[in-house]
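Colleague: Handing you this structure, nothing more for now.
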Amino acid sequence: MSRALHLAATVVFAMALPVSAQQSRISDTRDTFQFQLNGTTVTIERSGASCPPACVQPMQAASGVGTIGELEVMDFLELFVSQGAGLLIDARLPEGFSAGTIPGAVNVPEATLRPGNPYRDDLLRALGVRNGDFSNAFDLVLFGSGADDGGAAEAVRSLLAAGYPATKLKYYRGGVQSWTGLGLSTASGG
């Protein structure tokens with residue numbers, strides 16, 4: 001790399017760093033990330049919300065469960081939700097849901113899907129599960145606040161642990177932050 005190009009890349013990189021933001025962990029297992037570029041150590045750090053709980057989530061919530069984007073969410077709304085065959089699930093707490101959600105979403109907070117919830121079997125019945133039979137269960141797309149919200153991924157894992165087939169589950173990792181960041185319509189939850 002020419003010296004001028006290296007200097008330009010360094011300036012652009014430096015301009016991208018927040019000036020007075022609070023440093024946070026990237027994930028549960030990673031404080032920072034470093035790599036070598038043209039003999040220079042480059043460090044990626046994260047500022048903003050504290051990790052945990054707001055840790056960057058992997059792209060895949062669980063093995064066999066597809067991760068989708070905004071256009072696929074819209075297709076799911078048209079092909080499954082509008083036909084009564086699927087549910088778009090906002091896994092955030094009711095406060096987040098009521099502040100605004102993706103149109104067509106229902107609120108099923110992640111904690112309600114945990115194995116310890118005494119009402120989880122009732123919730124699974126509401127999702128179409130009958131005596132351990134998932135053949136008539138709804139197809140589900142789950143989402144949370146965004147890529148640093150582990151709630152939707154945890155909800156996916158709880159459903160899998162309950163026997164929900166991975167083929168009936170999708171994970172929208174971008175969540176409300178990506179949805180609104182793209183200027184897409186939201187709905188008042190609740």
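A note on labels: chains of the structure tokens are A, B, ... as shown, every chain counts residues from 1, and ligands are counted from 1 in their shown order.
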Neighbouring residues of Leu140 of chain A were defined as those with any atom within 8 Å, considering only C-alpha atoms; residues of the same chain fewer than 4 positions away were excluded. Please report them as an MDAnalysis selection string.

Modeller: chainID A and resid 86:89 168:170

Colleague: If DSSP is run on the backbone, what residues of segment 8-189 of chain A are alpha helix (DSSP H)? A reply as an NGL selection string would be ideal.

Modeller: :A and (8-16 or 70-76 or 94-99 or 120-126 or 151-161 or 175-181)

Colleague: Taking 5 positions as the minimum chain separation for residues in the same chain, which residues sit within 12 Å of Tyr164 of chain A when counting only C-alpha atoms? Answer as a PyMOL selection string.

Modeller: chain A and resi 64-65+113+121+124-125+127-130+132-140+155-159+169-170

Colleague: Next, the residues of the selection above should be written as a PDB file, in the first residue's frame with C-alpha atoms.

Modeller:
ATOM      1  CA  GLY A  64     -30.780 -25.249  11.669  1.00  0.00           C
ATOM      2  CA  VAL A  65     -32.610 -21.959  12.255  1.00  0.00           C
ATOM      3  CA  LEU A 113     -40.609 -19.211  26.665  1.00  0.00           C
ATOM      4  CA  ASP A 121     -47.082 -25.309  28.003  1.00  0.00           C
ATOM      5  CA  LEU A 124     -46.988 -23.643  23.324  1.00  0.00           C
ATOM      6  CA  ARG A 125     -50.646 -24.710  22.966  1.00  0.00           C
ATOM      7  CA  LEU A 127     -48.733 -21.601  19.205  1.00  0.00           C
ATOM      8  CA  GLY A 128     -50.501 -24.709  17.887  1.00  0.00           C
ATOM      9  CA  VAL A 129     -48.615 -27.463  19.723  1.00  0.00           C
ATOM     10  CA  ARG A 130     -50.895 -30.341  20.786  1.00  0.00           C
ATOM     11  CA  GLY A 132     -46.056 -32.738  21.928  1.00  0.00           C
ATOM     12  CA  ASP A 133     -47.182 -32.730  18.286  1.00  0.00           C
ATOM     13  CA  PHE A 134     -45.706 -29.752  16.416  1.00  0.00           C
ATOM     14  CA  SER A 135     -47.169 -30.593  12.993  1.00  0.00           C
ATOM     15  CA  ASN A 136     -49.848 -27.873  13.256  1.00  0.00           C
ATOM     16  CA  ALA A 137     -47.684 -25.376  15.137  1.00  0.00           C
ATOM     17  CA  PHE A 138     -47.282 -21.889  13.682  1.00  0.00           C
ATOM     18  CA  ASP A 139     -44.202 -20.963  11.691  1.00  0.00           C
ATOM     19  CA  LEU A 140     -42.462 -18.245  13.693  1.00  0.00           C
ATOM     20  CA  ALA A 155     -36.268 -17.393  22.728  1.00  0.00           C
ATOM     21  CA  VAL A 156     -35.341 -19.448  19.652  1.00  0.00           C
ATOM     22  CA  ARG A 157     -33.166 -21.725  21.793  1.00  0.00           C
ATOM     23  CA  SER A 158     -35.946 -22.112  24.388  1.00  0.00           C
ATOM     24  CA  LEU A 159     -38.415 -23.105  21.672  1.00  0.00           C
ATOM     25  CA  LEU A 169     -38.381 -21.039  13.184  1.00  0.00           C
ATOM     26  CA  LYS A 170     -36.602 -18.026  11.684  1.00  0.00           C
TER      27      LYS A 170
END

Colleague: What separation in Å, quoted to one decimal, exists between atom CA of Cys55 of chain A and atom CA of Arg114 of chain A?

Modeller: 19.7 Å

Colleague: Please, which residues of chain A, numbered as in this document, come out strand (DSSP E or B) from DSSP, as number ranges by chain?

Modeller: A: 23-24, 27, 30, 33-37, 40-44, 46-47, 66-67, 86-90, 101, 105-107, 130, 133, 139-143, 169-172, 187

Colleague: In Å to one decimal, how far is atom CA of Arg46 of chain A from atom CA of Ile26 of chain A?

Modeller: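 Interatomic distance, atom CA of Ile26 of chain A to atom CA of Arg46 of chain A: 5.7 Å.
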
Colleague: Any idea what's packed within 9 Å of Thr67 of chain A, counting only C-alpha atoms, ignoring anything in its chain fewer than 4 positions away? Could you give it as a ChimeraX atom specification?

Modeller: /A:59-61,170-173

Colleague: Store the residues picked out above in a file with N, CA, C and O atoms, as a PDB file, in the first residue's frame.

Modeller:
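Below is the file that was written, again28.pdb:
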ATOM      1  N   MET A  59     -24.679 -14.272  14.043  1.00  0.00           N
ATOM      2  CA  MET A  59     -25.653 -14.188  12.960  1.00  0.00           C
ATOM      3  C   MET A  59     -26.681 -15.312  13.058  1.00  0.00           C
ATOM      4  O   MET A  59     -27.843 -15.129  12.732  1.00  0.00           O
ATOM      5  N   GLN A  60     -26.277 -16.476  13.528  1.00  0.00           N
ATOM      6  CA  GLN A  60     -27.183 -17.610  13.627  1.00  0.00           C
ATOM      7  C   GLN A  60     -27.552 -17.832  15.085  1.00  0.00           C
ATOM      8  O   GLN A  60     -26.677 -18.010  15.932  1.00  0.00           O
ATOM      9  N   ALA A  61     -28.856 -17.852  15.382  1.00  0.00           N
ATOM     10  CA  ALA A  61     -29.333 -18.039  16.751  1.00  0.00           C
ATOM     11  C   ALA A  61     -29.129 -19.464  17.232  1.00  0.00           C
ATOM     12  O   ALA A  61     -28.835 -19.701  18.398  1.00  0.00           O
ATOM     13  N   LYS A 170     -37.538 -18.937  12.352  1.00  0.00           N
ATOM     14  CA  LYS A 170     -36.602 -18.026  11.684  1.00  0.00           C
ATOM     15  C   LYS A 170     -36.226 -16.943  12.692  1.00  0.00           C
ATOM     16  O   LYS A 170     -36.998 -16.598  13.588  1.00  0.00           O
ATOM     17  N   TYR A 171     -35.037 -16.375  12.497  1.00  0.00           N
ATOM     18  CA  TYR A 171     -34.483 -15.357  13.393  1.00  0.00           C
ATOM     19  C   TYR A 171     -34.192 -14.097  12.581  1.00  0.00           C
ATOM     20  O   TYR A 171     -33.438 -14.143  11.612  1.00  0.00           O
ATOM     21  N   TYR A 172     -34.826 -12.995  12.970  1.00  0.00           N
ATOM     22  CA  TYR A 172     -34.533 -11.698  12.351  1.00  0.00           C
ATOM     23  C   TYR A 172     -33.597 -10.960  13.300  1.00  0.00           C
ATOM     24  O   TYR A 172     -34.028 -10.299  14.222  1.00  0.00           O
ATOM     25  N   ARG A 173     -32.297 -11.112  13.084  1.00  0.00           N
ATOM     26  CA  ARG A 173     -31.280 -10.561  13.973  1.00  0.00           C
ATOM     27  C   ARG A 173     -31.303  -9.039  14.019  1.00  0.00           C
ATOM     28  O   ARG A 173     -31.052  -8.436  15.044  1.00  0.00           O
TER      29      ARG A 173
END

Colleague: Using only C-alpha atoms, can you tell me which of A:Ala91, A:Glu45, A:Glu70, A:Glu78 comes closest to Val106 of chain A?

Modeller: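 That would be A:Ala91, the residue with the smallest distance to Val106 of chain A.
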
Colleague: Tell me, as an MDAnalysis selection string, which residues lie within 7 Å of Asp148 of chain A, counting only C-alpha atoms; anything in the same chain fewer than 6 positions away does not count.

Modeller: chainID A and resid 54:57

Colleague: Nearest to Ala49 of chain A: which of A:Asp149, A:Arg120, A:Val141, A:Ser63 is it, counting only C-alpha atoms?

Modeller: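 That would be A:Asp149, the residue with the smallest distance to Ala49 of chain A.
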
Colleague: Could you work out how far atom CA of Gly144 of chain A lies from atom CA of Pro165 of chain A, giving the answer in Å with one decimal?

Modeller: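 Pair atom CA of Pro165 of chain A / atom CA of Gly144 of chain A returns 20.4 Å.
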
Colleague: Using only C-alpha atoms, find the one residue out of A:Pro94, A:Pro115, A:Gly100, A:Gly175 that sits nearest to Gly150 of chain A.

Modeller: A:Gly175

Colleague: Can you pull out the residues contacting Thr32 of chain A? Cut-off 12 Å, using only C-alpha atoms, and skip same-chain residues under 3 positions away; I want them as a ChimeraX atom specification.

Modeller: /A:23-29,35,42-47,51,56

Colleague: Considering only C-alpha atoms, state which residue in the set A:Gly104, A:Pro53, A:Gln34, A:Gly69 is at the smallest distance from Gly84 of chain A.

Modeller: A:Gly104
